[in-house]
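One structure is given here, and the rest of the page talks about it.
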Amino acid sequence: MSNPITHLQQALTRDQTTPLDLALATWARSHGASDLVALAMALTTRAVAEGHSCCVLPPDGPALPGEQPLCTAAEFRAALESSALVGDGTAPTPLVLEDDRLYLHRYWTYETRLADRLKALLAGEPAPVDTARLGPAGGLFEYGWVGDGETNWQAVAAAVALRHRFCVISGGPGTGKTYTVLRLIRLLLAAAAAASDPPPVIRLAAPTGKAAARMMESIRAGLDDLAEGDELVAHLPDKASTLHRLLGLRWGSVLPRHDRDNPLAADVVIVDEASMIDLPLMAKLADALPDHGRLVLLGDRYQLASVESGSVLAELAAAAGVNDFTPTQRAALAPLVPAAPDAAAPDRPLADHVVTLQTSHRFSPESPIGRLAAAVNAGDADAAVAVGGAADGHLVVDLDGEPDLDALTATLAAAYQPLLDATTPEAALAALDGVRLLTATRVGPTGAQAMNQRIVEHLAEARGLDPRQPWYHGRPVIVRHNDYRVGLFNGDTGVCLAGDDGHLRVWFRTETGLQTLLPASMPAHETAYAMTVHKSQGSEFESVWLLLPAQDSPVLSRELVYTGITRARQRLTVLGPDAVLRAALARTVGRDSGFRTRLG
């Protein structure tokens, strides 16, 4: 075969690979790898960059994008199996080959450690649950009972979390995840008091500072609805932290302070927005859980997976099914869970550990946004288009073709006026949460970069700003990379404001409260009038414009559209060609891994 380094160099000029792929292939070649193993290093690195935890061996042989296979599948496997750089995981080789999956050693370790840790949690003996405290007469879940014969899935979720040391509670916006967690905490405290045990140590966390702050705000607001709220406050943690802060991850190191040898001082760890957690971070979280600990993950199984490698929450949910419990669990949780005498026991270890909340209390089934979300989630393009055609003022779906970007820019510039007029950090950050343009891509005519530039130029002309100056009063920004030194993380958003002294500072809402930085101290960032749907995960806005590209793209998917439309609290506008929306809804995200196989 021809030299793979040459092929990679040519692919780099076509933007079909990256300098890192080429560098690692060159490194492997200089350390004794054959041409095929050097290519395998590049392909595996590329797979991780695309969100997979491994590279599945191509059935027709390895190939670069747009090219023919460079050898047969049998020749490729033989080269891998005979290389000293490829092992089975028992030795620290750069690559690990397992069945038809090829891993970078670090990601093989993350995947196996996470699966082993979760299997240990799944194997724990289920605890008895007092279902009377959870029923309609118990008082804790009085708002979730919608009628005779209906299942209150919030009560079921709390019961499952009480019964097992590992639980996933999945639900879309407004389905009551925080409502459920508050009552779960109350029940855990009551159980400890009844046993004359000290109150459990409960830690709350989320992937980003903004998501952690929102989690804590929701829990504090929910205390007003809880009759025993005063007693609960005394034992609640006073804050929710980022996972990075919780685990003690530090700048310049991938090793956390807390791990299996130095576990967290916690009895219960509850993590929100779990769909955003990548494989390495989830593995570190599971490692840091003490042996007696309880782990509860909250998230939306139908959202986009993390920007980085892995789709752990989605894989856990898919492995469990949708509320398909074993007969043993149904009997233990009667009368909360309806019996299914004709159903065979599911042969899935996770079946009893994942609960999917069914009812949105923000979007009723009859509301336009709720109906659109349901249609998108089901991949029903005809129903989605029909919902848009019959919508009210809270939903506009314009699929007549390419939108007028000049008109859209003017509309958005007007919507952002409260942000530029804000005089306090609180007012500015509230205005920033009031409106957002979401795009499917970062680059291209309808990408976040181009739309941000359009809006900046429009505002500069209207407000007399100098478009050459990057910093000005009212500029919204989003952090692009984790920065442990300043405590800001990928996806955190803030606003630049001029103080009374005329000096500019950038303000963020974090899990520890308002935080401010000088512009010169900011980590890597960009303007955030527009942002990609991926970057919007963990956020919600009063009004959302979702802009689809003019042409179909591999990044478009059902999960991306669903995530985009469910960022809206009150008003949603979807713009783009009908054919592009239909193509997106026909495509689902798939990420290669061996995680589900390891879980059994």
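Just remember, in the structure tokens the first chain shown is A, the second B, etc., residues are 1-based per chain, and ligands are 1-based in the order shown.
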
Shell around Val544 in chain A at 7 Å using only C-alpha atoms, local window under 2 positions removed, as an NGL selection string: :A and (435-437 or 541-542 or 546 or 568 or 571-573)

Using all heavy atoms, can you write the selected residues to a file as a tab-separated table (two decimals), in the first residue's frame?
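New file selection-v6.tsv:
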```tsv
chain	number	residue	atom	x	y	z
A	435	VAL	N	-33.39	35.75	25.28
A	435	VAL	CA	-33.45	35.51	23.84
A	435	VAL	C	-32.15	34.87	23.37
A	435	VAL	O	-31.08	35.17	23.90
A	435	VAL	CB	-33.71	36.84	23.08
A	435	VAL	CG1	-32.62	37.85	23.41
A	435	VAL	CG2	-33.78	36.61	21.58
A	436	ARG	N	-32.24	34.00	22.39
A	436	ARG	CA	-31.02	33.41	21.82
A	436	ARG	C	-31.32	32.87	20.41
A	436	ARG	O	-32.37	32.27	20.16
A	436	ARG	CB	-30.50	32.27	22.69
A	436	ARG	CG	-29.05	31.87	22.37
A	436	ARG	CD	-28.06	33.02	22.60
A	436	ARG	NE	-28.20	33.61	23.91
A	436	ARG	CZ	-27.53	33.21	24.98
A	436	ARG	NH1	-26.68	32.20	24.89
A	436	ARG	NH2	-27.69	33.82	26.13
A	437	LEU	N	-30.36	33.09	19.53
A	437	LEU	CA	-30.38	32.46	18.21
A	437	LEU	C	-29.53	31.20	18.29
A	437	LEU	O	-28.36	31.25	18.68
A	437	LEU	CB	-29.80	33.41	17.15
A	437	LEU	CG	-29.57	32.79	15.77
A	437	LEU	CD1	-30.89	32.35	15.14
A	437	LEU	CD2	-28.83	33.76	14.85
A	541	PHE	N	-34.11	29.52	27.42
A	541	PHE	CA	-34.33	30.92	27.09
A	541	PHE	C	-35.82	31.17	26.89
A	541	PHE	O	-36.55	30.28	26.44
A	541	PHE	CB	-33.55	31.29	25.82
A	541	PHE	CG	-32.13	30.79	25.81
A	541	PHE	CD1	-31.79	29.64	25.12
A	541	PHE	CD2	-31.15	31.47	26.52
A	541	PHE	CE1	-30.49	29.17	25.13
A	541	PHE	CE2	-29.84	31.01	26.53
A	541	PHE	CZ	-29.51	29.86	25.84
A	542	GLU	N	-36.24	32.38	27.20
A	542	GLU	CA	-37.67	32.70	27.02
A	542	GLU	C	-38.05	32.59	25.56
A	542	GLU	O	-39.10	32.05	25.22
A	542	GLU	CB	-37.96	34.10	27.55
A	542	GLU	CG	-37.83	34.24	29.06
A	542	GLU	CD	-38.77	33.31	29.80
A	542	GLU	OE1	-39.98	33.31	29.50
A	542	GLU	OE2	-38.29	32.56	30.68
A	546	LEU	N	-34.46	29.10	16.07
A	546	LEU	CA	-33.65	27.96	15.63
A	546	LEU	C	-33.48	28.07	14.12
A	546	LEU	O	-34.45	27.98	13.37
A	546	LEU	CB	-34.33	26.64	15.99
A	546	LEU	CG	-33.64	25.37	15.50
A	546	LEU	CD1	-32.22	25.26	16.05
A	546	LEU	CD2	-34.45	24.13	15.86
A	568	ALA	N	-36.51	26.47	24.42
A	568	ALA	CA	-37.45	27.59	24.52
A	568	ALA	C	-38.42	27.39	25.67
A	568	ALA	O	-39.03	26.33	25.80
A	568	ALA	CB	-38.22	27.73	23.21
A	571	ARG	N	-41.49	31.08	23.72
A	571	ARG	CA	-41.67	31.36	22.29
A	571	ARG	C	-40.55	30.71	21.49
A	571	ARG	O	-39.39	30.72	21.90
A	571	ARG	CB	-41.69	32.87	22.04
A	571	ARG	CG	-42.94	33.55	22.59
A	571	ARG	CD	-42.86	35.07	22.48
A	571	ARG	NE	-41.77	35.60	23.28
A	571	ARG	CZ	-41.85	35.82	24.59
A	571	ARG	NH1	-42.96	35.52	25.25
A	571	ARG	NH2	-40.83	36.31	25.25
A	572	LEU	N	-40.92	30.18	20.33
A	572	LEU	CA	-39.97	29.47	19.47
A	572	LEU	C	-40.25	29.81	18.02
A	572	LEU	O	-41.41	29.80	17.57
A	572	LEU	CB	-40.10	27.96	19.67
A	572	LEU	CG	-39.34	27.05	18.69
A	572	LEU	CD1	-37.84	27.18	18.90
A	572	LEU	CD2	-39.78	25.59	18.85
A	573	THR	N	-39.19	30.11	17.28
A	573	THR	CA	-39.28	30.33	15.84
A	573	THR	C	-38.28	29.39	15.17
A	573	THR	O	-37.09	29.40	15.50
A	573	THR	CB	-38.95	31.78	15.47
A	573	THR	OG1	-39.87	32.65	16.13
A	573	THR	CG2	-39.05	31.99	13.96
```

Selection: 10 Å around range 21-33 of chain A, only C-alpha atoms, excl. self and same-chain fewer than 2 positions, as an MDAnalysis selection string: chainID A and resid 4:9 11:12 17:19 35:46 49 79:80 83:86 94

Output C-alpha atoms for every residue in the selection just made, as a JSON list (two decimals), in the first residue's frame.
```
[["chain", "number", "residue", "atom", "x", "y", "z"],
["A", 4, "PRO", "CA", -0.48, 6.44, 4.88],
["A", 5, "ILE", "CA", 1.38, 9.55, 6.06],
["A", 6, "THR", "CA", 1.17, 10.87, 2.51],
["A", 7, "HIS", "CA", -2.54, 10.06, 2.40],
["A", 8, "LEU", "CA", -3.08, 11.87, 5.72],
["A", 9, "GLN", "CA", -1.12, 14.91, 4.50],
["A", 11, "ALA", "CA", -6.47, 14.62, 3.56],
["A", 12, "LEU", "CA", -5.28, 17.47, 5.79],
["A", 17, "THR", "CA", -8.35, 15.11, 8.94],
["A", 18, "THR", "CA", -6.53, 17.19, 11.55],
["A", 19, "PRO", "CA", -2.89, 17.97, 12.41],
["A", 35, "ASP", "CA", 1.92, 1.69, 7.69],
["A", 36, "LEU", "CA", -1.44, 0.12, 8.58],
["A", 37, "VAL", "CA", -0.98, 0.55, 12.33],
["A", 38, "ALA", "CA", 0.05, 4.19, 11.82],
["A", 39, "LEU", "CA", -3.16, 4.66, 9.85],
["A", 40, "ALA", "CA", -5.10, 2.91, 12.62],
["A", 41, "MET", "CA", -3.72, 5.41, 15.14],
["A", 42, "ALA", "CA", -5.01, 8.29, 13.01],
["A", 43, "LEU", "CA", -8.42, 6.69, 12.45],
["A", 44, "THR", "CA", -8.88, 5.98, 16.17],
["A", 45, "THR", "CA", -7.87, 9.51, 17.15],
["A", 46, "ARG", "CA", -10.31, 10.88, 14.57],
["A", 49, "ALA", "CA", -12.63, 13.61, 18.12],
["A", 79, "ALA", "CA", -1.46, -5.93, 11.10],
["A", 80, "LEU", "CA", -3.07, -4.80, 14.34],
["A", 83, "SER", "CA", 1.87, -4.97, 16.34],
["A", 84, "ALA", "CA", 3.64, -4.24, 19.63],
["A", 85, "LEU", "CA", 1.68, -0.96, 19.82],
["A", 86, "VAL", "CA", -1.64, -2.83, 20.02],
["A", 94, "PRO", "CA", -1.17, 2.96, 22.88]]
```

Atomic separation - CA of Ile219 in chain A relative to CA of Thr178 in chain A, Å: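 CA of Ile219 in chain A lies 6.3 Å from CA of Thr178 in chain A.
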
Which residue of A:Asp272, A:Asp287, A:Asp99, A:Asp278 approaches Pro256 in chain A most closely, using only C-alpha atoms: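 Closest candidate: A:Asp287.
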
Gly299 in chain A environment, 8 Å, only C-alpha atoms, sequence neighbours closer than 4 positions dropped, as a VMD selection string: chain A and resid 168 to 172 272 to 275 313

Counting only C-alpha atoms, the residue of A:Gly51, A:Pro59, A:Gly388, A:Gly248 that sits nearest Leu285 in chain A: A:Gly248

Those in range 237-426 of chain A with strand (DSSP E or B) from DSSP, as a PyMOL selection string: chain A and resi 240-242+268-271+294-299+354-356+395-398+400

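With CA of Leu122 in chain A on one side and CA of Leu333 in chain A on the other, the separation reads 17.6 Å.
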
Within 8 Å of Val160 in chain A using only C-alpha atoms, minus same-chain residues under 2 positions, as a list in words: Val156, Ala157, Ala158, Leu162, Arg163, His164, Cys167, Asp352, His353, Val354 and Val355 of chain A

Selection: 7 Å around range 416-426 of chain A, only C-alpha atoms, excl. self and same-chain fewer than 3 positions, as a PyMOL selection string: chain A and resi 412-413+429-432+473-474+507

Please dump the current selection as a PDB file, in the first residue's frame; keep all heavy atoms.
```pdb
ATOM      1  N   LEU A 412     -33.369  40.214  15.489  1.00  0.00           N
ATOM      2  CA  LEU A 412     -32.585  39.790  16.649  1.00  0.00           C
ATOM      3  C   LEU A 412     -31.875  40.974  17.303  1.00  0.00           C
ATOM      4  O   LEU A 412     -31.784  41.052  18.530  1.00  0.00           O
ATOM      5  CB  LEU A 412     -31.570  38.730  16.225  1.00  0.00           C
ATOM      6  CG  LEU A 412     -32.171  37.367  15.894  1.00  0.00           C
ATOM      7  CD1 LEU A 412     -31.172  36.513  15.135  1.00  0.00           C
ATOM      8  CD2 LEU A 412     -32.594  36.662  17.176  1.00  0.00           C
ATOM      9  N   ALA A 413     -31.371  41.898  16.494  1.00  0.00           N
ATOM     10  CA  ALA A 413     -30.714  43.073  17.057  1.00  0.00           C
ATOM     11  C   ALA A 413     -31.678  43.859  17.938  1.00  0.00           C
ATOM     12  O   ALA A 413     -31.311  44.339  19.015  1.00  0.00           O
ATOM     13  CB  ALA A 413     -30.167  43.956  15.939  1.00  0.00           C
ATOM     14  N   LEU A 429     -27.654  39.637  32.783  1.00  0.00           N
ATOM     15  CA  LEU A 429     -27.712  38.178  32.660  1.00  0.00           C
ATOM     16  C   LEU A 429     -29.143  37.703  32.467  1.00  0.00           C
ATOM     17  O   LEU A 429     -29.388  36.721  31.745  1.00  0.00           O
ATOM     18  CB  LEU A 429     -27.087  37.542  33.903  1.00  0.00           C
ATOM     19  CG  LEU A 429     -25.564  37.744  34.026  1.00  0.00           C
ATOM     20  CD1 LEU A 429     -25.079  37.339  35.405  1.00  0.00           C
ATOM     21  CD2 LEU A 429     -24.825  36.958  32.943  1.00  0.00           C
ATOM     22  N   ALA A 430     -30.112  38.376  33.070  1.00  0.00           N
ATOM     23  CA  ALA A 430     -31.517  38.031  32.838  1.00  0.00           C
ATOM     24  C   ALA A 430     -31.897  38.316  31.396  1.00  0.00           C
ATOM     25  O   ALA A 430     -32.605  37.525  30.754  1.00  0.00           O
ATOM     26  CB  ALA A 430     -32.417  38.810  33.794  1.00  0.00           C
ATOM     27  N   ALA A 431     -31.424  39.439  30.850  1.00  0.00           N
ATOM     28  CA  ALA A 431     -31.710  39.757  29.452  1.00  0.00           C
ATOM     29  C   ALA A 431     -31.067  38.747  28.513  1.00  0.00           C
ATOM     30  O   ALA A 431     -31.637  38.379  27.479  1.00  0.00           O
ATOM     31  CB  ALA A 431     -31.213  41.166  29.136  1.00  0.00           C
ATOM     32  N   LEU A 432     -29.877  38.291  28.883  1.00  0.00           N
ATOM     33  CA  LEU A 432     -29.188  37.299  28.052  1.00  0.00           C
ATOM     34  C   LEU A 432     -29.969  35.991  28.012  1.00  0.00           C
ATOM     35  O   LEU A 432     -29.962  35.282  26.996  1.00  0.00           O
ATOM     36  CB  LEU A 432     -27.780  37.062  28.596  1.00  0.00           C
ATOM     37  CG  LEU A 432     -26.878  36.129  27.795  1.00  0.00           C
ATOM     38  CD1 LEU A 432     -26.688  36.637  26.371  1.00  0.00           C
ATOM     39  CD2 LEU A 432     -25.533  35.970  28.482  1.00  0.00           C
ATOM     40  N   HIS A 473     -19.833  47.536  26.102  1.00  0.00           N
ATOM     41  CA  HIS A 473     -20.922  47.339  27.057  1.00  0.00           C
ATOM     42  C   HIS A 473     -22.045  46.540  26.399  1.00  0.00           C
ATOM     43  O   HIS A 473     -22.557  46.901  25.347  1.00  0.00           O
ATOM     44  CB  HIS A 473     -21.461  48.702  27.511  1.00  0.00           C
ATOM     45  CG  HIS A 473     -22.592  48.593  28.489  1.00  0.00           C
ATOM     46  ND1 HIS A 473     -22.381  48.521  29.851  1.00  0.00           N
ATOM     47  CD2 HIS A 473     -23.939  48.529  28.315  1.00  0.00           C
ATOM     48  CE1 HIS A 473     -23.548  48.436  30.472  1.00  0.00           C
ATOM     49  NE2 HIS A 473     -24.509  48.436  29.556  1.00  0.00           N
ATOM     50  N   GLY A 474     -22.406  45.420  27.048  1.00  0.00           N
ATOM     51  CA  GLY A 474     -23.505  44.598  26.554  1.00  0.00           C
ATOM     52  C   GLY A 474     -23.087  43.427  25.695  1.00  0.00           C
ATOM     53  O   GLY A 474     -23.950  42.658  25.238  1.00  0.00           O
ATOM     54  N   TRP A 507     -19.213  39.569  33.431  1.00  0.00           N
ATOM     55  CA  TRP A 507     -19.945  38.966  34.548  1.00  0.00           C
ATOM     56  C   TRP A 507     -20.527  37.619  34.151  1.00  0.00           C
ATOM     57  O   TRP A 507     -21.058  37.458  33.048  1.00  0.00           O
ATOM     58  CB  TRP A 507     -21.073  39.896  34.997  1.00  0.00           C
ATOM     59  CG  TRP A 507     -20.595  41.169  35.623  1.00  0.00           C
ATOM     60  CD1 TRP A 507     -20.255  42.331  34.970  1.00  0.00           C
ATOM     61  CD2 TRP A 507     -20.360  41.408  37.010  1.00  0.00           C
ATOM     62  NE1 TRP A 507     -19.829  43.270  35.865  1.00  0.00           N
ATOM     63  CE2 TRP A 507     -19.892  42.739  37.133  1.00  0.00           C
ATOM     64  CE3 TRP A 507     -20.521  40.631  38.159  1.00  0.00           C
ATOM     65  CZ2 TRP A 507     -19.576  43.300  38.354  1.00  0.00           C
ATOM     66  CZ3 TRP A 507     -20.205  41.190  39.383  1.00  0.00           C
ATOM     67  CH2 TRP A 507     -19.736  42.509  39.479  1.00  0.00           C
TER      68      TRP A 507
END
```

For Ala206 in chain A, the nearest of the candidates A:Lys119, A:His244, A:Arg113, A:Arg480, counting only C-alpha atoms: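 Checking each of A:Lys119, A:His244, A:Arg113, A:Arg480 against Ala206 in chain A, counting only C-alpha atoms, the winner is A:His244.
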
Counting only C-alpha atoms, the residue of A:Leu279, A:Ala74, A:Ala120, A:Ala530 that sits nearest Arg294 in chain A: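 Among A:Leu279, A:Ala74, A:Ala120, A:Ala530, it is A:Ala120 that comes nearest to Arg294 in chain A.
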
Asp398 in chain A surroundings by only C-alpha atoms, 7 Å radius, close-in-sequence under 6 positions cut, as number ranges by chain: A: 574-576

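For range 476-479 of chain A, the list of residues within 7 Å, based on only C-alpha atoms and with local chain neighbours fewer than 3 positions off taken out, reads A:Phe489, A:Asn490, A:Gly491, A:Asp492, A:Thr493, A:Gly494, A:Val495, A:Cys496, A:Pro523, A:Ala524, A:His525, A:Glu526, A:Thr527, A:Ala528, A:Tyr529.
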
Distance of CA of Gly564 in chain A from CA of Gln537 in chain A, expressed in Å to one decimal place: 8.5 Å

Those of range 245-391 of chain A in DSSP alpha helix (DSSP H), formatted as an MDAnalysis selection string: chainID A and resid 245:247 279:288 312:320 327:332 368:377 381:389

Would you mind exporting N, CA and C atoms of the selected residues as a CSV table (one decimal), in the first residue's frame?
```
chain,number,residue,atom,x,y,z
A,245,ARG,N,-15.4,20.9,39.9
A,245,ARG,CA,-15.1,21.4,41.2
A,245,ARG,C,-15.3,20.2,42.2
A,246,LEU,N,-16.4,19.5,42.0
A,246,LEU,CA,-16.8,18.4,42.9
A,246,LEU,C,-15.7,17.4,43.0
A,247,LEU,N,-15.1,17.0,41.8
A,247,LEU,CA,-14.1,16.0,41.8
A,247,LEU,C,-12.7,16.5,42.0
A,279,LEU,N,-17.7,10.6,28.4
A,279,LEU,CA,-17.2,9.3,29.0
A,279,LEU,C,-16.1,9.5,30.0
A,280,PRO,N,-15.1,10.3,29.8
A,280,PRO,CA,-14.0,10.4,30.8
A,280,PRO,C,-14.5,11.0,32.1
A,281,LEU,N,-15.4,12.1,32.0
A,281,LEU,CA,-15.9,12.7,33.2
A,281,LEU,C,-16.8,11.8,34.0
A,282,MET,N,-17.7,11.0,33.3
A,282,MET,CA,-18.6,10.1,33.9
A,282,MET,C,-17.8,9.0,34.6
A,283,ALA,N,-16.7,8.5,34.0
A,283,ALA,CA,-15.9,7.5,34.6
A,283,ALA,C,-15.2,8.0,35.9
A,284,LYS,N,-14.8,9.2,35.9
A,284,LYS,CA,-14.1,9.8,37.1
A,284,LYS,C,-15.2,10.0,38.2
A,285,LEU,N,-16.4,10.4,37.8
A,285,LEU,CA,-17.5,10.5,38.8
A,285,LEU,C,-17.8,9.2,39.4
A,286,ALA,N,-17.9,8.2,38.7
A,286,ALA,CA,-18.3,6.8,39.2
A,286,ALA,C,-17.1,6.3,40.1
A,287,ASP,N,-15.9,6.6,39.7
A,287,ASP,CA,-14.8,6.2,40.5
A,287,ASP,C,-14.7,6.9,41.9
A,288,ALA,N,-15.2,8.1,41.9
A,288,ALA,CA,-15.1,8.9,43.1
A,288,ALA,C,-16.2,8.6,44.1
A,312,VAL,N,-23.1,8.6,27.3
A,312,VAL,CA,-23.3,7.6,28.4
A,312,VAL,C,-24.8,7.6,28.8
A,313,LEU,N,-25.4,8.8,29.0
A,313,LEU,CA,-26.8,8.8,29.4
A,313,LEU,C,-27.7,8.1,28.4
A,314,ALA,N,-27.5,8.4,27.1
A,314,ALA,CA,-28.3,7.8,26.1
A,314,ALA,C,-28.2,6.3,26.0
A,315,GLU,N,-26.9,5.9,26.2
A,315,GLU,CA,-26.7,4.4,26.2
A,315,GLU,C,-27.3,3.7,27.4
A,316,LEU,N,-27.2,4.4,28.5
A,316,LEU,CA,-27.9,3.8,29.7
A,316,LEU,C,-29.4,3.7,29.5
A,317,ALA,N,-30.0,4.7,29.0
A,317,ALA,CA,-31.4,4.7,28.8
A,317,ALA,C,-31.8,3.7,27.7
A,318,ALA,N,-31.1,3.7,26.6
A,318,ALA,CA,-31.4,2.7,25.6
A,318,ALA,C,-31.3,1.3,26.0
A,319,ALA,N,-30.3,1.0,26.9
A,319,ALA,CA,-30.1,-0.3,27.4
A,319,ALA,C,-31.2,-0.7,28.4
A,320,ALA,N,-32.0,0.3,28.9
A,320,ALA,CA,-33.0,0.0,29.9
A,320,ALA,C,-34.4,-0.2,29.3
A,327,PRO,N,-41.0,-7.9,36.7
A,327,PRO,CA,-42.1,-8.2,37.6
A,327,PRO,C,-41.8,-8.1,39.0
A,328,THR,N,-40.5,-8.4,39.4
A,328,THR,CA,-40.1,-8.2,40.8
A,328,THR,C,-40.2,-6.8,41.2
A,329,GLN,N,-39.7,-5.9,40.4
A,329,GLN,CA,-39.8,-4.4,40.8
A,329,GLN,C,-41.2,-3.9,40.8
A,330,ARG,N,-42.0,-4.4,39.8
A,330,ARG,CA,-43.4,-3.9,39.8
A,330,ARG,C,-44.2,-4.4,41.0
A,331,ALA,N,-43.8,-5.6,41.5
A,331,ALA,CA,-44.5,-6.1,42.7
A,331,ALA,C,-44.0,-5.3,43.9
A,332,ALA,N,-42.7,-4.9,44.0
A,332,ALA,CA,-42.2,-4.2,45.1
A,332,ALA,C,-42.7,-2.8,45.2
A,368,PRO,N,-48.4,24.1,21.2
A,368,PRO,CA,-47.7,23.9,20.0
A,368,PRO,C,-46.3,23.4,20.2
A,369,ILE,N,-45.5,24.0,21.1
A,369,ILE,CA,-44.1,23.6,21.3
A,369,ILE,C,-44.1,22.2,21.8
A,370,GLY,N,-45.0,21.8,22.7
A,370,GLY,CA,-45.0,20.5,23.2
A,370,GLY,C,-45.3,19.5,22.1
A,371,ARG,N,-46.3,19.8,21.3
A,371,ARG,CA,-46.6,18.9,20.2
A,371,ARG,C,-45.5,18.8,19.1
A,372,LEU,N,-44.8,19.9,18.9
A,372,LEU,CA,-43.7,19.9,18.0
A,372,LEU,C,-42.5,19.1,18.5
A,373,ALA,N,-42.3,19.2,19.8
A,373,ALA,CA,-41.2,18.4,20.4
A,373,ALA,C,-41.5,16.9,20.3
A,374,ALA,N,-42.8,16.5,20.6
A,374,ALA,CA,-43.2,15.1,20.5
A,374,ALA,C,-43.0,14.6,19.1
A,375,ALA,N,-43.4,15.4,18.1
A,375,ALA,CA,-43.3,15.0,16.7
A,375,ALA,C,-41.9,14.8,16.3
A,376,VAL,N,-41.0,15.8,16.7
A,376,VAL,CA,-39.6,15.7,16.4
A,376,VAL,C,-39.0,14.5,17.0
A,377,ASN,N,-39.3,14.2,18.3
A,377,ASN,CA,-38.8,13.1,19.0
A,377,ASN,C,-39.1,11.8,18.4
A,381,ALA,N,-41.9,13.8,10.5
A,381,ALA,CA,-41.7,15.1,9.9
A,381,ALA,C,-43.1,15.7,9.4
A,382,ASP,N,-44.0,14.8,9.0
A,382,ASP,CA,-45.3,15.3,8.5
A,382,ASP,C,-46.0,16.0,9.7
A,383,ALA,N,-46.0,15.3,10.9
A,383,ALA,CA,-46.6,15.9,12.1
A,383,ALA,C,-46.0,17.2,12.5
A,384,ALA,N,-44.6,17.2,12.4
A,384,ALA,CA,-43.9,18.4,12.8
A,384,ALA,C,-44.3,19.6,11.9
A,385,VAL,N,-44.4,19.4,10.6
A,385,VAL,CA,-44.8,20.4,9.7
A,385,VAL,C,-46.2,20.8,10.0
A,386,ALA,N,-47.1,19.9,10.3
A,386,ALA,CA,-48.5,20.2,10.5
A,386,ALA,C,-48.6,21.0,11.8
A,387,VAL,N,-47.9,20.7,12.8
A,387,VAL,CA,-47.9,21.5,14.1
A,387,VAL,C,-47.5,22.9,13.8
A,388,GLY,N,-46.4,23.1,13.0
A,388,GLY,CA,-46.0,24.4,12.6
A,388,GLY,C,-47.0,25.2,11.8
A,389,GLY,N,-47.8,24.5,11.0
A,389,GLY,CA,-48.8,25.2,10.2
A,389,GLY,C,-50.0,25.7,11.0
```
